[in-house]
Structures are given as C-alpha cells and as structure tokens.
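Dropping structure22.pdb in here (PDB, C-alpha atoms):
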ATOM      1  CA  MET A  13      26.589 171.397 162.014  1.00  0.00           C
ATOM      2  CA  LYS A  14      30.206 172.061 162.973  1.00  0.00           C
ATOM      3  CA  LYS A  15      31.334 171.306 159.430  1.00  0.00           C
ATOM      4  CA  ILE A  16      28.875 173.872 158.059  1.00  0.00           C
ATOM      5  CA  ILE A  17      30.184 176.494 160.506  1.00  0.00           C
ATOM      6  CA  TRP A  18      33.799 175.975 159.462  1.00  0.00           C
ATOM      7  CA  LEU A  19      32.911 175.755 155.784  1.00  0.00           C
ATOM      8  CA  ALA A  20      31.058 179.083 156.059  1.00  0.00           C
ATOM      9  CA  PHE A  21      34.059 180.557 157.888  1.00  0.00           C
ATOM     10  CA  ALA A  22      36.430 179.386 155.147  1.00  0.00           C
ATOM     11  CA  VAL A  23      34.226 180.774 152.363  1.00  0.00           C
ATOM     12  CA  LEU A  24      33.733 184.132 154.104  1.00  0.00           C
ATOM     13  CA  ALA A  25      37.453 184.373 154.911  1.00  0.00           C
ATOM     14  CA  ALA A  26      38.376 183.648 151.291  1.00  0.00           C
ATOM     15  CA  LEU A  27      35.875 186.193 149.962  1.00  0.00           C
ATOM     16  CA  TRP A  28      37.037 188.827 152.458  1.00  0.00           C
ATOM     17  CA  THR A  29      40.699 188.192 151.631  1.00  0.00           C
ATOM     18  CA  GLY A  30      40.043 188.474 147.902  1.00  0.00           C
ATOM     19  CA  LEU A  31      38.059 191.677 148.350  1.00  0.00           C
ATOM     20  CA  VAL A  32      40.774 193.306 150.458  1.00  0.00           C
ATOM     21  CA  ALA A  33      43.559 192.203 148.092  1.00  0.00           C
ATOM     22  CA  LEU A  34      41.673 193.502 145.050  1.00  0.00           C
ATOM     23  CA  THR A  35      40.825 196.795 146.757  1.00  0.00           C
ATOM     24  CA  LEU A  36      44.419 197.370 147.836  1.00  0.00           C
ATOM     25  CA  GLN A  37      45.727 196.628 144.345  1.00  0.00           C
ATOM     26  CA  LEU A  38      43.246 199.071 142.830  1.00  0.00           C
ATOM     27  CA  THR A  39      44.165 201.684 145.433  1.00  0.00           C
ATOM     28  CA  ASP A  40      47.846 201.264 144.638  1.00  0.00           C
ATOM     29  CA  TRP A  41      47.110 201.634 140.928  1.00  0.00           C
ATOM     30  CA  VAL A  42      45.083 204.820 141.493  1.00  0.00           C
ATOM     31  CA  LEU A  43      47.738 206.328 143.751  1.00  0.00           C
ATOM     32  CA  SER A  44      50.528 205.576 141.285  1.00  0.00           C
ATOM     33  CA  SER A  45      48.427 207.115 138.504  1.00  0.00           C
ATOM     34  CA  VAL A  46      47.877 210.236 140.591  1.00  0.00           C
ATOM     35  CA  ALA A  47      51.575 210.372 141.482  1.00  0.00           C
ATOM     36  CA  SER A  48      52.576 210.354 137.816  1.00  0.00           C
ATOM     37  CA  ALA A  49      50.030 213.017 136.813  1.00  0.00           C
ATOM     38  CA  GLN A  50      50.955 216.613 136.286  1.00  0.00           C
ATOM     39  CA  VAL A  51      48.576 219.534 136.467  1.00  0.00           C
ATOM     40  CA  PRO A  52      49.256 222.258 133.910  1.00  0.00           C
ATOM     41  CA  GLY A  53      50.695 225.228 135.699  1.00  0.00           C
ATOM     42  CA  ALA A  54      54.449 225.186 135.651  1.00  0.00           C
ATOM     43  CA  ALA A  55      54.677 226.076 131.971  1.00  0.00           C
ATOM     44  CA  LEU A  56      51.414 227.990 131.590  1.00  0.00           C
ATOM     45  CA  ASP A  57      51.554 231.126 129.530  1.00  0.00           C
ATOM     46  CA  THR A  58      49.260 233.425 131.472  1.00  0.00           C
ATOM     47  CA  SER A  59      49.224 236.027 128.716  1.00  0.00           C
ATOM     48  CA  GLN A  60      47.080 233.742 126.522  1.00  0.00           C
ATOM     49  CA  TRP A  61      43.992 234.111 128.690  1.00  0.00           C
ATOM     50  CA  VAL A  62      41.990 237.258 128.199  1.00  0.00           C
ATOM     51  CA  ALA A  63      39.222 238.204 130.578  1.00  0.00           C
ATOM     52  CA  PRO A  64      35.766 238.217 128.973  1.00  0.00           C
ATOM     53  CA  ALA A  65      34.351 241.619 128.106  1.00  0.00           C
ATOM     54  CA  TRP A  66      31.375 241.224 130.436  1.00  0.00           C
ATOM     55  CA  ALA A  67      33.731 240.665 133.416  1.00  0.00           C
ATOM     56  CA  ALA A  68      35.319 244.113 133.077  1.00  0.00           C
ATOM     57  CA  ALA A  69      32.134 245.784 134.320  1.00  0.00           C
ATOM     58  CA  TRP A  70      31.923 243.528 137.377  1.00  0.00           C
ATOM     59  CA  VAL A  71      35.482 242.759 138.401  1.00  0.00           C
ATOM     60  CA  ASP A  72      38.668 244.801 138.530  1.00  0.00           C
ATOM     61  CA  PRO A  73      41.169 243.504 135.893  1.00  0.00           C
ATOM     62  CA  ALA A  74      43.966 243.666 138.476  1.00  0.00           C
ATOM     63  CA  TRP A  75      41.962 241.353 140.745  1.00  0.00           C
ATOM     64  CA  LEU A  76      41.493 238.906 137.851  1.00  0.00           C
ATOM     65  CA  GLN A  77      45.250 238.987 137.243  1.00  0.00           C
ATOM     66  CA  THR A  78      45.832 238.229 140.937  1.00  0.00           C
ATOM     67  CA  LEU A  79      43.298 235.391 140.808  1.00  0.00           C
ATOM     68  CA  GLN A  80      44.970 233.973 137.725  1.00  0.00           C
ATOM     69  CA  SER A  81      48.442 234.061 139.279  1.00  0.00           C
ATOM     70  CA  GLY A  82      47.028 232.480 142.450  1.00  0.00           C
ATOM     71  CA  LEU A  83      45.532 229.609 140.459  1.00  0.00           C
ATOM     72  CA  VAL A  84      48.816 229.080 138.607  1.00  0.00           C
ATOM     73  CA  TRP A  85      50.628 229.046 141.968  1.00  0.00           C
ATOM     74  CA  ALA A  86      48.127 226.457 143.313  1.00  0.00           C
ATOM     75  CA  ALA A  87      48.644 224.248 140.240  1.00  0.00           C
ATOM     76  CA  GLN A  88      52.403 224.442 140.663  1.00  0.00           C
ATOM     77  CA  GLY A  89      52.058 223.543 144.341  1.00  0.00           C
ATOM     78  CA  LEU A  90      49.806 220.630 143.460  1.00  0.00           C
ATOM     79  CA  ASN A  91      52.478 219.361 141.074  1.00  0.00           C
ATOM     80  CA  GLN A  92      54.880 219.315 144.024  1.00  0.00           C
ATOM     81  CA  VAL A  93      52.459 217.315 146.220  1.00  0.00           C
ATOM     82  CA  LEU A  94      51.107 214.784 143.685  1.00  0.00           C
ATOM     83  CA  PRO A  95      54.274 212.622 143.527  1.00  0.00           C
ATOM     84  CA  MET A  96      53.911 211.937 147.257  1.00  0.00           C
ATOM     85  CA  ALA A  97      50.628 210.095 146.591  1.00  0.00           C
ATOM     86  CA  GLY A  98      52.607 207.097 145.336  1.00  0.00           C
ATOM     87  CA  SER A  99      54.226 206.631 148.738  1.00  0.00           C
ATOM     88  CA  LEU A 100      50.815 206.465 150.417  1.00  0.00           C
ATOM     89  CA  GLY A 101      50.255 203.044 148.854  1.00  0.00           C
ATOM     90  CA  THR A 102      52.466 201.315 151.420  1.00  0.00           C
ATOM     91  CA  LEU A 103      50.755 202.984 154.361  1.00  0.00           C
ATOM     92  CA  ILE A 104      47.289 202.224 153.008  1.00  0.00           C
ATOM     93  CA  ALA A 105      48.290 198.609 152.335  1.00  0.00           C
ATOM     94  CA  VAL A 106      49.515 198.149 155.905  1.00  0.00           C
ATOM     95  CA  LEU A 107      46.345 199.709 157.318  1.00  0.00           C
ATOM     96  CA  GLY A 108      44.215 197.623 154.947  1.00  0.00           C
ATOM     97  CA  TRP A 109      45.796 194.347 156.043  1.00  0.00           C
ATOM     98  CA  ILE A 110      45.496 195.323 159.710  1.00  0.00           C
ATOM     99  CA  PHE A 111      41.790 195.989 159.110  1.00  0.00           C
ATOM    100  CA  TRP A 112      41.584 192.628 157.304  1.00  0.00           C
ATOM    101  CA  GLY A 113      43.131 190.933 160.337  1.00  0.00           C
ATOM    102  CA  PHE A 114      40.589 192.442 162.727  1.00  0.00           C
ATOM    103  CA  ILE A 115      37.691 191.250 160.567  1.00  0.00           C
ATOM    104  CA  ILE A 116      39.210 187.760 160.179  1.00  0.00           C
ATOM    105  CA  ALA A 117      39.744 187.598 163.952  1.00  0.00           C
ATOM    106  CA  GLY A 118      36.100 188.567 164.449  1.00  0.00           C
ATOM    107  CA  LEU A 119      34.991 185.872 162.019  1.00  0.00           C
ATOM    108  CA  LEU A 120      37.184 183.337 163.809  1.00  0.00           C
ATOM    109  CA  VAL A 121      35.755 184.269 167.211  1.00  0.00           C
ATOM    110  CA  LEU A 122      32.241 183.986 165.791  1.00  0.00           C
ATOM    111  CA  ALA A 123      33.039 180.562 164.304  1.00  0.00           C
ATOM    112  CA  LEU A 124      34.520 179.377 167.612  1.00  0.00           C
ATOM    113  CA  ILE A 125      31.453 180.538 169.552  1.00  0.00           C
ATOM    114  CA  LEU A 126      29.131 178.830 167.072  1.00  0.00           C
ATOM    115  CA  HIS A 127      31.277 175.689 167.228  1.00  0.00           C
ATOM    116  CA  TRP A 128      31.037 175.696 171.028  1.00  0.00           C
ATOM    117  CA  LEU A 129      27.266 176.275 170.904  1.00  0.00           C
ATOM    118  CA  ALA A 130      26.856 173.450 168.393  1.00  0.00           C
ATOM    119  CA  GLY A 131      28.812 171.175 170.724  1.00  0.00           C
ATOM    120  CA  LYS A 132      26.566 172.154 173.640  1.00  0.00           C
ATOM    121  CA  ARG A 133      23.501 171.429 171.522  1.00  0.00           C
ATOM    122  CA  GLU A 134      24.828 168.002 170.578  1.00  0.00           C
ATOM    123  CA  GLN A 135      25.504 167.251 174.259  1.00  0.00           C
ATOM    124  CA  ALA A 136      21.979 168.335 175.204  1.00  0.00           C
ATOM    125  CA  GLU A 137      20.480 166.173 172.470  1.00  0.00           C
ATOM    126  CA  ALA A 138      22.596 163.210 173.545  1.00  0.00           C
ATOM    127  CA  ALA A 139      21.528 163.682 177.172  1.00  0.00           C
ATOM    128  CA  GLY A 140      17.867 163.949 176.082  1.00  0.00           C
ATOM    129  CA  ARG A 141      18.106 160.636 174.210  1.00  0.00           C
ATOM    130  CA  GLN A 142      19.600 158.883 177.234  1.00  0.00           C
ATOM    131  CA  VAL A 143      16.791 160.026 179.552  1.00  0.00           C
ATOM    132  CA  VAL A 144      14.028 158.656 177.311  1.00  0.00           C
TER     133      VAL A 144
END

Please express the file's structure as structure tokens.
Amino acid sequence: MKKIIWLAFAVLAALWTGLVALTLQLTDWVLSSVASAQVPGAALDTSQWVAPAWAAAWVDPAWLQTLQSGLVWAAQGLNQVLPMAGSLGTLIAVLGWIFWGFIIAGLLVLALILHWLAGKREQAEAAGRQVV
C-alpha cells in the first residue's frame, strides 16, 4: 500500500510540474508577443476618417473630433505600456513556481499522512493476527 501511495505522489507531482512549466512557458510567450505588438495610433492620419452622414443629426461634429483625438491618445498611451508586459514574465514565473511549491508541499503532506495511516493499518492487522 505504501508503494502505491508514493507512486501516486510521484505521478501527480510529475503531472503538476509539467502543467506548471508548460503554462509558464505559454504565459511568457503571450507576454512577449504582447510586448512586441504595436497598436496603430502614433502615425494615424485622423483626417482620413469622415463621420457618417447619419451621425451629424445625432452628434456634434466637434464632439466626434474630440472622441477621435481621445482614442488616438489612448492608442498612443497603450503603445507606451505594452512593452512593459514582457517584464511581467519574470514576476509571473516566480509566483507560478511559488504556487507550484505550495501544491507540491500539500501533496507531500498528504502522502506522508497516508503513509503513516497505512503503517498504522499494517500494525493493527499484525496485532490482529497475533491475537487469533
């Protein structure tokens, strides 16, 4: 029984380690992709967009111009923030491996408790055989 407990621990630990490693590699890939992306905005020619004719009756053209410049400003700001996403990979990796360690420690404690209980069971069975 003890061998089964430790074999199950080893299999679960290996699966958990592989899952965390794969997830962290994918996260790093996504963050580096985001960091290298650029949102159009810095070189946008705002004169190319013309408000639709139906919008003139509902919305003030000056307000649309303000909205347009606000969206261009947001895109330019986003271009300033996106490169920082690449540096988040290290922080996420550290947090991921800390989380991995807590789960592995929990699995180890569970395996130790089961090992102890299996030992108690074997002792009780041995004592039961001696009485008979």

### Message
Take the PyMOL selection byres ((chain A and resi 113-130) around 9), run it mentally on this structure, and tell me the resulting residues as a PyMOL selection string.
### Response
chain A and resi 13-15+17-18+20-21+24-25+28-29+108-112+131-135

Please save C-alpha atoms of the selected residues as a compact mmCIF listing (two decimals), keeping the file's coordinate frame.
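Once everything was written out, this is selection26.txt:
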# COMPACT_ATOMS: atom_id res chain seq x y z
CA MET A 13 26.59 171.40 162.01
CA LYS A 14 30.21 172.06 162.97
CA LYS A 15 31.33 171.31 159.43
CA ILE A 17 30.18 176.49 160.51
CA TRP A 18 33.80 175.98 159.46
CA ALA A 20 31.06 179.08 156.06
CA PHE A 21 34.06 180.56 157.89
CA LEU A 24 33.73 184.13 154.10
CA ALA A 25 37.45 184.37 154.91
CA TRP A 28 37.04 188.83 152.46
CA THR A 29 40.70 188.19 151.63
CA GLY A 108 44.22 197.62 154.95
CA TRP A 109 45.80 194.35 156.04
CA ILE A 110 45.50 195.32 159.71
CA PHE A 111 41.79 195.99 159.11
CA TRP A 112 41.58 192.63 157.30
CA GLY A 131 28.81 171.18 170.72
CA LYS A 132 26.57 172.15 173.64
CA ARG A 133 23.50 171.43 171.52
CA GLU A 134 24.83 168.00 170.58
CA GLN A 135 25.50 167.25 174.26

### Task
Please indicate the distance in Å from atom CA of A:Ser48 to atom CA of A:Ala105, rounded to one decimal place.
19.2 Å

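Each of A:Ala22, A:Gly30, A:Trp61, A:Ala97 was checked against A:Ser81 using all atoms listed in the file; the smallest atom-to-atom distance is that of A:Trp61.
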
### Message
Set the distance at 9 Å and use all atoms listed in the file: which residues neighbour A:Ser99 once local chain neighbours fewer than 5 positions away are removed? I'd like the list as a list in words.
### Response
Leu43, Ser44 and Ala47 of chain A

Please list as a PDB file with C-alpha atoms, in the coordinates of the input every residue within 9 Å of A:Ile104, counting all atoms listed in the file and excluding residues in the same chain fewer than 3 positions away.
ATOM      1  CA  LEU A  36      44.419 197.370 147.836  1.00  0.00           C
ATOM      2  CA  THR A  39      44.165 201.684 145.433  1.00  0.00           C
ATOM      3  CA  ASP A  40      47.846 201.264 144.638  1.00  0.00           C
ATOM      4  CA  LEU A 100      50.815 206.465 150.417  1.00  0.00           C
ATOM      5  CA  GLY A 101      50.255 203.044 148.854  1.00  0.00           C
ATOM      6  CA  LEU A 107      46.345 199.709 157.318  1.00  0.00           C
ATOM      7  CA  GLY A 108      44.215 197.623 154.947  1.00  0.00           C
ATOM      8  CA  TRP A 109      45.796 194.347 156.043  1.00  0.00           C
TER       9      TRP A 109
END

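Here atom CA of A:Leu76 stands at a distance of 10.6 Å from atom CA of A:Pro64.
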
### Task
For atom CA of A:Trp70 and atom CA of A:Gly89, quote the distance in Å rounded to one decimal.
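One can read the atom CA of A:Trp70 to atom CA of A:Gly89 distance as 29.2 Å.
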